[in-house]
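S.K.: One structure follows; several queries about it will come next.
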Amino acid sequence: MGEAIAISDLDKSYGDVQALDGLSLSVDDGEFFGLLGPNGAGKTTIINTLVGLVRADSGEASVFGYDVVEDYREVRDRIGLAPQEYNVDRFFPIREVLEHKAGYHGYGRETASSRAREALEIVGIAEKAEARFHQLSGGMKRRFMLARALVSGPELLILDEPTAGVDVQLRHDLWEIIEQMNDAGTTILLTTHYIEEAERLCDRVAIIDQGRNVEVSTPDELTERGTDTLDIGLADPPATAPAFDLPGVVEASMDGDRLLVTARGGSKLVPTVLRDLEADGYEVSDLDIRRASLEEVFVDLTRTEEVASS
Amino acid sequence: MSDPRETESQDEVETRSDGGILLGESVGASTQTDQKGGGLTGFQTLLRREILRFVRRPRNTFLPPMITNVLYFAVFGLVLGGRIDQIAGFDYIIFLLPGLIVLGTISNAFENASFSIFHGRWNEYIETVIISPLSNWMFVAAYIISSALRGIVVGTIIAVIGLVFVRLTDLTITVAEPLYLVAFMIVISVLFAALGIIGGLWAKDFDYLTVMNQFILRPLVFFGGVFYSLDVLPGLYRTLSLLNPMVYMVNGVRYGFLSYSDVDPTVALAVLTGFTAVVVLVDIWLFERGYGIID
């Protein structure tokens, strides 16, 4: 499997602000890849570097083996981008906007027209073909942004917060279309604030913070690195939590009559924790395990990065 | 460079030619052969988009210069023209006509390019064009050709209006030097379309466009011999006027109609052509740098 995106030591600053700080990243051909990070982490700068709207100060980036600066036409022909901000030509009906986009990618008028129609049907707004963009509802605008990204038949579909501010039903509709694209072989690069979106869709995610690549892994692997919480009911709860000298245990505390033990890989520690409690004379009445979420891991990782850099 | 994915190129083209597969297997609506049309299709699409933009908005693009020039010809040609002595042996409305054509042509060529680019930047949809696989010269060529075309169409409309008024005064006008007329019209419209690109990339808000048109372009044209011959000016002002590039454009087009010019038309054409080439190269350079568009 080849590389769809290869980024190496990318630097970009805007005055005093370091948007990208030696960032490296690799995305496989056909992969569904997520970029997670707080606002200002550099996600959009990465995307804009790939499509040619940002020129990096140093470092290299290529798409399907083509350098984003030297071979910009080859790169841009392979990318479909749905940016977070609406940037749509308001002079023309949305059908023609799509025809123009397909035309820029080399499709003749007749073909561009049929592709535009098809793209509008896919996202479910074919009946609005003759409307101007500003006449669409919020949800339709998001649908249109996706239609424009896919009308040129991209090999790499880049979606910058594609479901920001949309309702649950539309989010699921958009996910379905994106997943179909990925199943058909299109590489997807997705940035999102919705951790659930990344967990559901992405093969791998990169957590980006302050222009650096903090972590790249599958959502499951990242989740496993988080701390689970063992919520234990005790028949005769003590005033202070008993100490656990076990590898992986981060903290033990009392919350009323409940003992809370936070630990990495917490579920594996359950038998040992219960054995220790019984050995110390406690009677366990019930136990609940709260699994770490990707969201908590994300917050932990980006917070750690913040502390380390301060 | 060689295609790093050369081994799969043929299969890929065939796969990509089927929109249904491209947009998701379940869709599968397209069955027609739709091979890509090659590099120039993108350029043609942008050119078409740019032309349609002004053709479909005649109230904003063609009507204003029509009204303005009807007023010019009515006041300066009909009302005042009879009271003004002949200039260089020509009735005033005849002398005026080529200058007004130049004024309308260059204003509209400049306005079209600067507005289209700036509006695209302002609403950020120019990014859609920038991230498409067009080369930098294609962007520049599409904006220049469309804007120059608008300038020439407006110039032609003004010529027709002028001819109507000339007939109303029982006068006649012919094109004495058609090749010069065509050459000057093409050069000045391309030049101002190319300058409009720079203006559109440079502008920070809509006021910049107004400033460029009203405070730079229009005074240069008005003092460029549209309404008078340089011969009526005292020596110093005549010499200063020769530094105004508009003088050469107005006189070039006037030479095309009347075979009369205050300056040597061939030299003027050569200098303007050279200047135009330089500005077009600057346009391409600015697009390569991403000036005003790329961070």
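Scheme for the structure tokens: letters A, B, ... for chains in order shown; per-chain residue numbers from 1; ligand numbers from 1 in order shown.
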If you run DSSP over the backbone, which residues in segment 37-190 of chain B end up alpha helix (DSSP H)? Put them as a PyMOL selection string.
M.R.: chain B and resi 39-55+58-61+63-72+92-122+126-130+136-168+178-190
S.K.: Would you mind listing, as a PyMOL selection string, all residues of chain A that have at least one atom within 8 Å of chain B, where only C-alpha atoms are what counts?
M.R.: chain A and resi 51-55+64-66+72-77+87-89+91+100-101+103-108+111+114-115+118-119+122+150-151+153-154+177+180-181+183-184
S.K.: Would you please extract all strand (DSSP E) residues from segment 85-304 of chain A, as assigned by DSSP on the backbone, and give them as number ranges by chain?
M.R.: A: 156-160, 187-191, 204-209, 212-217, 227-234, 249-255, 258-264, 284-290
S.K.: Next, write the just-selected residues to a file, as a compact mmCIF listing (two decimals), in the first residue's frame, keeping N, CA and C atoms as the atom set.
M.R.:
# COMPACT_ATOMS: atom_id res chain seq x y z
N LEU A 156 -8.06 11.70 -3.02
CA LEU A 156 -7.90 12.09 -1.61
C LEU A 156 -8.98 13.13 -1.29
N LEU A 157 -9.86 12.75 -0.38
CA LEU A 157 -10.94 13.66 0.01
C LEU A 157 -10.56 14.25 1.37
N ILE A 158 -10.45 15.58 1.41
CA ILE A 158 -10.07 16.25 2.66
C ILE A 158 -11.29 16.98 3.20
N LEU A 159 -11.65 16.66 4.41
CA LEU A 159 -12.86 17.22 5.02
C LEU A 159 -12.48 17.93 6.31
N ASP A 160 -12.63 19.24 6.31
CA ASP A 160 -12.26 20.03 7.48
C ASP A 160 -13.53 20.34 8.26
N THR A 187 -9.05 7.84 -0.35
CA THR A 187 -8.40 8.15 0.93
C THR A 187 -9.10 9.35 1.54
N ILE A 188 -9.34 9.28 2.85
CA ILE A 188 -10.05 10.39 3.50
C ILE A 188 -9.16 10.98 4.60
N LEU A 189 -9.03 12.29 4.57
CA LEU A 189 -8.37 13.01 5.67
C LEU A 189 -9.43 13.90 6.30
N LEU A 190 -9.70 13.63 7.59
CA LEU A 190 -10.82 14.29 8.26
C LEU A 190 -10.32 15.04 9.48
N THR A 191 -10.71 16.29 9.62
CA THR A 191 -10.47 16.94 10.91
C THR A 191 -11.82 17.09 11.58
N ARG A 204 -7.12 5.43 11.59
CA ARG A 204 -6.10 5.96 12.51
C ARG A 204 -6.37 7.45 12.73
N VAL A 205 -5.92 7.94 13.85
CA VAL A 205 -6.03 9.38 14.09
C VAL A 205 -4.66 9.91 14.52
N ALA A 206 -4.42 11.17 14.17
CA ALA A 206 -3.24 11.87 14.69
C ALA A 206 -3.75 12.95 15.63
N ILE A 207 -3.17 13.02 16.79
CA ILE A 207 -3.52 14.11 17.70
C ILE A 207 -2.46 15.19 17.53
N ILE A 208 -2.94 16.35 17.11
CA ILE A 208 -2.05 17.47 16.80
C ILE A 208 -2.23 18.54 17.88
N ASP A 209 -1.14 19.08 18.35
CA ASP A 209 -1.24 20.19 19.30
C ASP A 209 -0.07 21.13 19.10
N ARG A 212 2.48 20.46 16.44
CA ARG A 212 3.27 19.23 16.50
C ARG A 212 2.35 18.02 16.47
N ASN A 213 2.93 16.93 16.01
CA ASN A 213 2.22 15.68 15.97
C ASN A 213 2.46 14.97 17.30
N VAL A 214 1.44 14.92 18.15
CA VAL A 214 1.63 14.37 19.49
C VAL A 214 1.57 12.85 19.47
N GLU A 215 0.66 12.32 18.69
CA GLU A 215 0.43 10.88 18.74
C GLU A 215 -0.29 10.43 17.48
N VAL A 216 0.08 9.28 16.95
CA VAL A 216 -0.68 8.70 15.84
C VAL A 216 -1.00 7.26 16.21
N SER A 217 -2.25 6.92 16.15
CA SER A 217 -2.62 5.54 16.51
C SER A 217 -4.05 5.26 16.07
N THR A 227 -7.12 6.19 31.23
CA THR A 227 -7.35 5.61 32.55
C THR A 227 -8.82 5.25 32.72
N ASP A 228 -9.05 3.96 33.08
CA ASP A 228 -10.41 3.52 33.40
C ASP A 228 -10.66 3.84 34.87
N THR A 229 -11.93 3.91 35.21
CA THR A 229 -12.27 4.14 36.62
C THR A 229 -13.06 2.95 37.16
N LEU A 230 -12.57 2.37 38.25
CA LEU A 230 -13.31 1.30 38.94
C LEU A 230 -14.13 1.97 40.04
N ASP A 231 -15.43 1.85 39.92
CA ASP A 231 -16.34 2.50 40.87
C ASP A 231 -16.87 1.38 41.78
N ILE A 232 -16.37 1.35 43.02
CA ILE A 232 -16.60 0.18 43.89
C ILE A 232 -17.46 0.58 45.09
N GLY A 233 -18.52 -0.18 45.30
CA GLY A 233 -19.35 0.04 46.49
C GLY A 233 -18.84 -0.84 47.63
N LEU A 234 -18.64 -0.24 48.80
CA LEU A 234 -18.15 -1.00 49.97
C LEU A 234 -19.23 -1.01 51.06
N VAL A 249 -2.18 1.70 38.73
CA VAL A 249 -3.13 2.48 39.51
C VAL A 249 -2.62 3.92 39.62
N VAL A 250 -3.46 4.86 39.23
CA VAL A 250 -3.06 6.27 39.25
C VAL A 250 -3.52 6.93 40.54
N GLU A 251 -4.71 6.60 40.94
CA GLU A 251 -5.27 7.29 42.10
C GLU A 251 -6.39 6.45 42.72
N ALA A 252 -6.54 6.56 44.03
CA ALA A 252 -7.69 5.94 44.71
C ALA A 252 -8.27 7.00 45.64
N SER A 253 -9.60 7.15 45.59
CA SER A 253 -10.19 8.17 46.44
C SER A 253 -11.60 7.74 46.84
N MET A 254 -12.13 8.36 47.89
CA MET A 254 -13.50 8.08 48.30
C MET A 254 -14.42 9.18 47.77
N ASP A 255 -15.56 8.75 47.25
CA ASP A 255 -16.59 9.70 46.81
C ASP A 255 -17.87 9.29 47.54
N ARG A 258 -18.50 5.51 48.01
CA ARG A 258 -17.95 4.79 46.85
C ARG A 258 -16.43 4.97 46.80
N LEU A 259 -15.78 3.90 46.52
CA LEU A 259 -14.32 3.96 46.33
C LEU A 259 -14.05 4.05 44.82
N LEU A 260 -13.32 5.09 44.42
CA LEU A 260 -12.99 5.26 43.00
C LEU A 260 -11.50 4.99 42.78
N VAL A 261 -11.22 4.01 41.96
CA VAL A 261 -9.82 3.68 41.63
C VAL A 261 -9.62 3.94 40.15
N THR A 262 -8.75 4.89 39.85
CA THR A 262 -8.45 5.14 38.43
C THR A 262 -7.14 4.46 38.09
N ALA A 263 -7.17 3.77 36.97
CA ALA A 263 -5.99 2.97 36.61
C ALA A 263 -5.94 2.77 35.10
N ARG A 264 -4.73 2.67 34.58
CA ARG A 264 -4.59 2.34 33.15
C ARG A 264 -4.89 0.85 32.98
N VAL A 284 -17.03 -5.97 49.39
CA VAL A 284 -17.43 -5.26 48.17
C VAL A 284 -18.88 -5.60 47.84
N SER A 285 -19.72 -4.54 47.71
CA SER A 285 -21.14 -4.79 47.41
C SER A 285 -21.43 -4.76 45.91
N ASP A 286 -20.75 -3.92 45.20
CA ASP A 286 -20.95 -3.87 43.74
C ASP A 286 -19.75 -3.18 43.09
N LEU A 287 -19.67 -3.34 41.77
CA LEU A 287 -18.52 -2.74 41.07
C LEU A 287 -18.95 -2.33 39.66
N ASP A 288 -18.52 -1.16 39.29
CA ASP A 288 -18.83 -0.67 37.94
C ASP A 288 -17.52 -0.18 37.31
N ILE A 289 -17.33 -0.51 36.03
CA ILE A 289 -16.10 -0.05 35.34
C ILE A 289 -16.48 1.02 34.32
N ARG A 290 -15.91 2.20 34.46
CA ARG A 290 -16.13 3.25 33.44
C ARG A 290 -14.89 3.33 32.55
S.K.: Which residues are near Val271 of chain B? Cut-off 12 Å, only C-alpha atoms, ignore same chain within fewer than 4 positions. Put them as a list of chain:residue names.
M.R.: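 Near neighbours after the sequence-gap exclusion: B:Phe184, B:Val187, B:Ile188, B:Leu191, B:Pro245, B:Tyr248, B:Met249, B:Gly252, B:Asp264, B:Pro265, B:Thr266, B:Val267, B:Phe275, B:Thr276, B:Ala277, B:Val278.
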S.K.: Could you save those same residues with C-alpha atoms as a CSV table (one decimal), in the first residue's frame?
M.R.:
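New file part_16.csv:
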chain,number,residue,atom,x,y,z
B,184,PHE,CA,-4.8,49.5,-30.1
B,187,VAL,CA,-3.5,46.2,-26.5
B,188,ILE,CA,-5.2,48.7,-24.2
B,191,LEU,CA,-3.1,46.1,-20.5
B,245,PRO,CA,0.4,56.8,-20.8
B,248,TYR,CA,-0.8,57.3,-26.3
B,249,MET,CA,-3.8,55.1,-25.9
B,252,GLY,CA,-3.7,55.5,-30.9
B,264,ASP,CA,3.5,58.8,-33.4
B,265,PRO,CA,1.0,55.9,-33.4
B,266,THR,CA,3.5,53.2,-34.3
B,267,VAL,CA,5.9,54.1,-31.5
B,275,PHE,CA,4.5,47.6,-21.3
B,276,THR,CA,1.5,45.2,-21.6
B,277,ALA,CA,3.9,42.2,-21.9
B,278,VAL,CA,5.7,43.3,-18.7
S.K.: Expressed in Å to a single decimal, how great is the separation between atom CA of Ala198 of chain A and atom CA of Pro219 of chain A?
M.R.: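 Interatomic distance, atom CA of Ala198 of chain A to atom CA of Pro219 of chain A: 7.5 Å.
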S.K.: Quote the spacing between atom CA of Leu100 of chain B and atom CA of Thr172 of chain B in Å to one decimal place.
M.R.: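 If I compute the distance from atom CA of Leu100 of chain B to atom CA of Thr172 of chain B, I get 17.0 Å.
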S.K.: How many Å separate atom CA of Asn182 of chain A from atom CA of Ala116 of chain A?
M.R.: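 The value is 19.9 Å.
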S.K.: Residues at most 10 Å from segment 10-14 of chain A, counting only C-alpha atoms, excluding those fewer than 6 positions away in the same chain, as a PDB file with N, CA, C and O atoms, in the first residue's frame?
M.R.:
ATOM      1  N   LEU A  20       2.897  25.472  12.485  1.00  0.00           N
ATOM      2  CA  LEU A  20       3.409  24.108  12.356  1.00  0.00           C
ATOM      3  C   LEU A  20       4.856  24.102  12.829  1.00  0.00           C
ATOM      4  O   LEU A  20       5.633  24.982  12.472  1.00  0.00           O
ATOM      5  N   ASP A  21       5.174  23.103  13.639  1.00  0.00           N
ATOM      6  CA  ASP A  21       6.488  23.098  14.278  1.00  0.00           C
ATOM      7  C   ASP A  21       7.165  21.745  14.051  1.00  0.00           C
ATOM      8  O   ASP A  21       7.113  20.863  14.897  1.00  0.00           O
ATOM      9  N   GLY A  22       7.730  21.575  12.866  1.00  0.00           N
ATOM     10  CA  GLY A  22       8.430  20.329  12.550  1.00  0.00           C
ATOM     11  C   GLY A  22       7.500  19.132  12.461  1.00  0.00           C
ATOM     12  O   GLY A  22       7.856  18.026  12.860  1.00  0.00           O
ATOM     13  N   LEU A  23       6.323  19.346  11.929  1.00  0.00           N
ATOM     14  CA  LEU A  23       5.316  18.280  11.901  1.00  0.00           C
ATOM     15  C   LEU A  23       5.609  17.248  10.802  1.00  0.00           C
ATOM     16  O   LEU A  23       5.926  17.612   9.676  1.00  0.00           O
ATOM     17  N   SER A  24       5.499  15.990  11.167  1.00  0.00           N
ATOM     18  CA  SER A  24       5.628  14.899  10.190  1.00  0.00           C
ATOM     19  C   SER A  24       4.410  13.993  10.303  1.00  0.00           C
ATOM     20  O   SER A  24       3.887  13.788  11.396  1.00  0.00           O
ATOM     21  N   LEU A  25       4.013  13.458   9.159  1.00  0.00           N
ATOM     22  CA  LEU A  25       2.782  12.670   9.157  1.00  0.00           C
ATOM     23  C   LEU A  25       2.755  11.813   7.896  1.00  0.00           C
ATOM     24  O   LEU A  25       3.256  12.226   6.855  1.00  0.00           O
ATOM     25  N   GLY A  42      -3.203  23.633  14.340  1.00  0.00           N
ATOM     26  CA  GLY A  42      -2.473  23.566  13.075  1.00  0.00           C
ATOM     27  C   GLY A  42      -3.119  22.637  12.059  1.00  0.00           C
ATOM     28  O   GLY A  42      -2.562  22.410  10.983  1.00  0.00           O
ATOM     29  N   THR A  45      -3.939  24.410   8.807  1.00  0.00           N
ATOM     30  CA  THR A  45      -2.679  24.781   8.136  1.00  0.00           C
ATOM     31  C   THR A  45      -2.101  23.577   7.393  1.00  0.00           C
ATOM     32  O   THR A  45      -1.582  23.715   6.278  1.00  0.00           O
ATOM     33  N   ILE A  46      -2.213  22.400   8.004  1.00  0.00           N
ATOM     34  CA  ILE A  46      -1.735  21.180   7.326  1.00  0.00           C
ATOM     35  C   ILE A  46      -2.502  20.995   6.015  1.00  0.00           C
ATOM     36  O   ILE A  46      -1.923  20.789   4.948  1.00  0.00           O
ATOM     37  N   THR A  49      -1.676  23.523   3.380  1.00  0.00           N
ATOM     38  CA  THR A  49      -0.368  23.275   2.784  1.00  0.00           C
ATOM     39  C   THR A  49      -0.483  22.230   1.672  1.00  0.00           C
ATOM     40  O   THR A  49       0.123  22.358   0.608  1.00  0.00           O
ATOM     41  N   VAL A  54      -1.407  27.420   1.546  1.00  0.00           N
ATOM     42  CA  VAL A  54      -0.369  27.850   2.488  1.00  0.00           C
ATOM     43  C   VAL A  54       0.960  27.320   1.969  1.00  0.00           C
ATOM     44  O   VAL A  54       1.042  26.173   1.525  1.00  0.00           O
ATOM     45  N   ARG A  55       1.957  28.161   1.991  1.00  0.00           N
ATOM     46  CA  ARG A  55       3.294  27.707   1.610  1.00  0.00           C
ATOM     47  C   ARG A  55       4.137  27.576   2.878  1.00  0.00           C
ATOM     48  O   ARG A  55       4.306  28.545   3.614  1.00  0.00           O
ATOM     49  N   ALA A  56       4.616  26.368   3.121  1.00  0.00           N
ATOM     50  CA  ALA A  56       5.370  26.110   4.348  1.00  0.00           C
ATOM     51  C   ALA A  56       6.710  26.843   4.318  1.00  0.00           C
ATOM     52  O   ALA A  56       7.280  27.086   3.250  1.00  0.00           O
ATOM     53  N   ASP A  57       7.216  27.203   5.515  1.00  0.00           N
ATOM     54  CA  ASP A  57       8.527  27.853   5.591  1.00  0.00           C
ATOM     55  C   ASP A  57       9.634  26.848   5.274  1.00  0.00           C
ATOM     56  O   ASP A  57      10.630  27.180   4.646  1.00  0.00           O
ATOM     57  N   SER A  58       9.470  25.633   5.764  1.00  0.00           N
ATOM     58  CA  SER A  58      10.446  24.582   5.464  1.00  0.00           C
ATOM     59  C   SER A  58       9.763  23.227   5.620  1.00  0.00           C
ATOM     60  O   SER A  58       8.653  23.134   6.131  1.00  0.00           O
ATOM     61  N   GLY A  59      10.475  22.179   5.189  1.00  0.00           N
ATOM     62  CA  GLY A  59       9.903  20.842   5.233  1.00  0.00           C
ATOM     63  C   GLY A  59       9.309  20.457   3.889  1.00  0.00           C
ATOM     64  O   GLY A  59       9.316  21.255   2.939  1.00  0.00           O
ATOM     65  N   GLU A  60       8.833  19.234   3.813  1.00  0.00           N
ATOM     66  CA  GLU A  60       8.305  18.736   2.544  1.00  0.00           C
ATOM     67  C   GLU A  60       6.948  18.088   2.745  1.00  0.00           C
ATOM     68  O   GLU A  60       6.670  17.534   3.808  1.00  0.00           O
ATOM     69  N   ALA A  61       6.138  18.180   1.708  1.00  0.00           N
ATOM     70  CA  ALA A  61       4.845  17.504   1.733  1.00  0.00           C
ATOM     71  C   ALA A  61       4.552  16.986   0.336  1.00  0.00           C
ATOM     72  O   ALA A  61       4.811  17.667  -0.658  1.00  0.00           O
ATOM     73  N   GLY A 211       0.998  22.728  16.631  1.00  0.00           N
ATOM     74  CA  GLY A 211       1.763  22.516  15.400  1.00  0.00           C
ATOM     75  C   GLY A 211       2.626  21.273  15.399  1.00  0.00           C
ATOM     76  O   GLY A 211       3.420  21.079  14.481  1.00  0.00           O
ATOM     77  N   ARG A 212       2.476  20.460  16.440  1.00  0.00           N
ATOM     78  CA  ARG A 212       3.273  19.232  16.496  1.00  0.00           C
ATOM     79  C   ARG A 212       2.355  18.015  16.474  1.00  0.00           C
ATOM     80  O   ARG A 212       1.209  18.074  16.925  1.00  0.00           O
TER      81      ARG A 212
ATOM     82  N   ASP B 295      -1.210  32.134   1.991  1.00  0.00           N
ATOM     83  CA  ASP B 295      -0.520  32.555   3.215  1.00  0.00           C
ATOM     84  C   ASP B 295       0.940  32.130   3.162  1.00  0.00           C
ATOM     85  O   ASP B 295       1.251  31.020   2.805  1.00  0.00           O
TER      86      ASP B 295
END
S.K.: From the list B:Val164, B:Ala88, B:Phe110, B:Ile94, which residue is nearest Val70 of chain B when using only C-alpha atoms?
M.R.: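 Using only C-alpha atoms, Val70 of chain B sits closest to B:Val164.
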S.K.: Find the residue from A:Glu161, A:Glu197, A:Asp280, A:Asp220 that sits nearest to Ala82 of chain A; use only C-alpha atoms when measuring.
M.R.: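 Closest to Ala82 of chain A, using only C-alpha atoms: A:Glu161.
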S.K.: Can you list, as a VMD selection string, every protein, DNA or RNA residue that comes within 8 Å of Asp203 of chain A when you count only C-alpha atoms, leaving out same-chain residues fewer than 5 positions away?
M.R.: chain A and resid 31 to 34 218 to 219
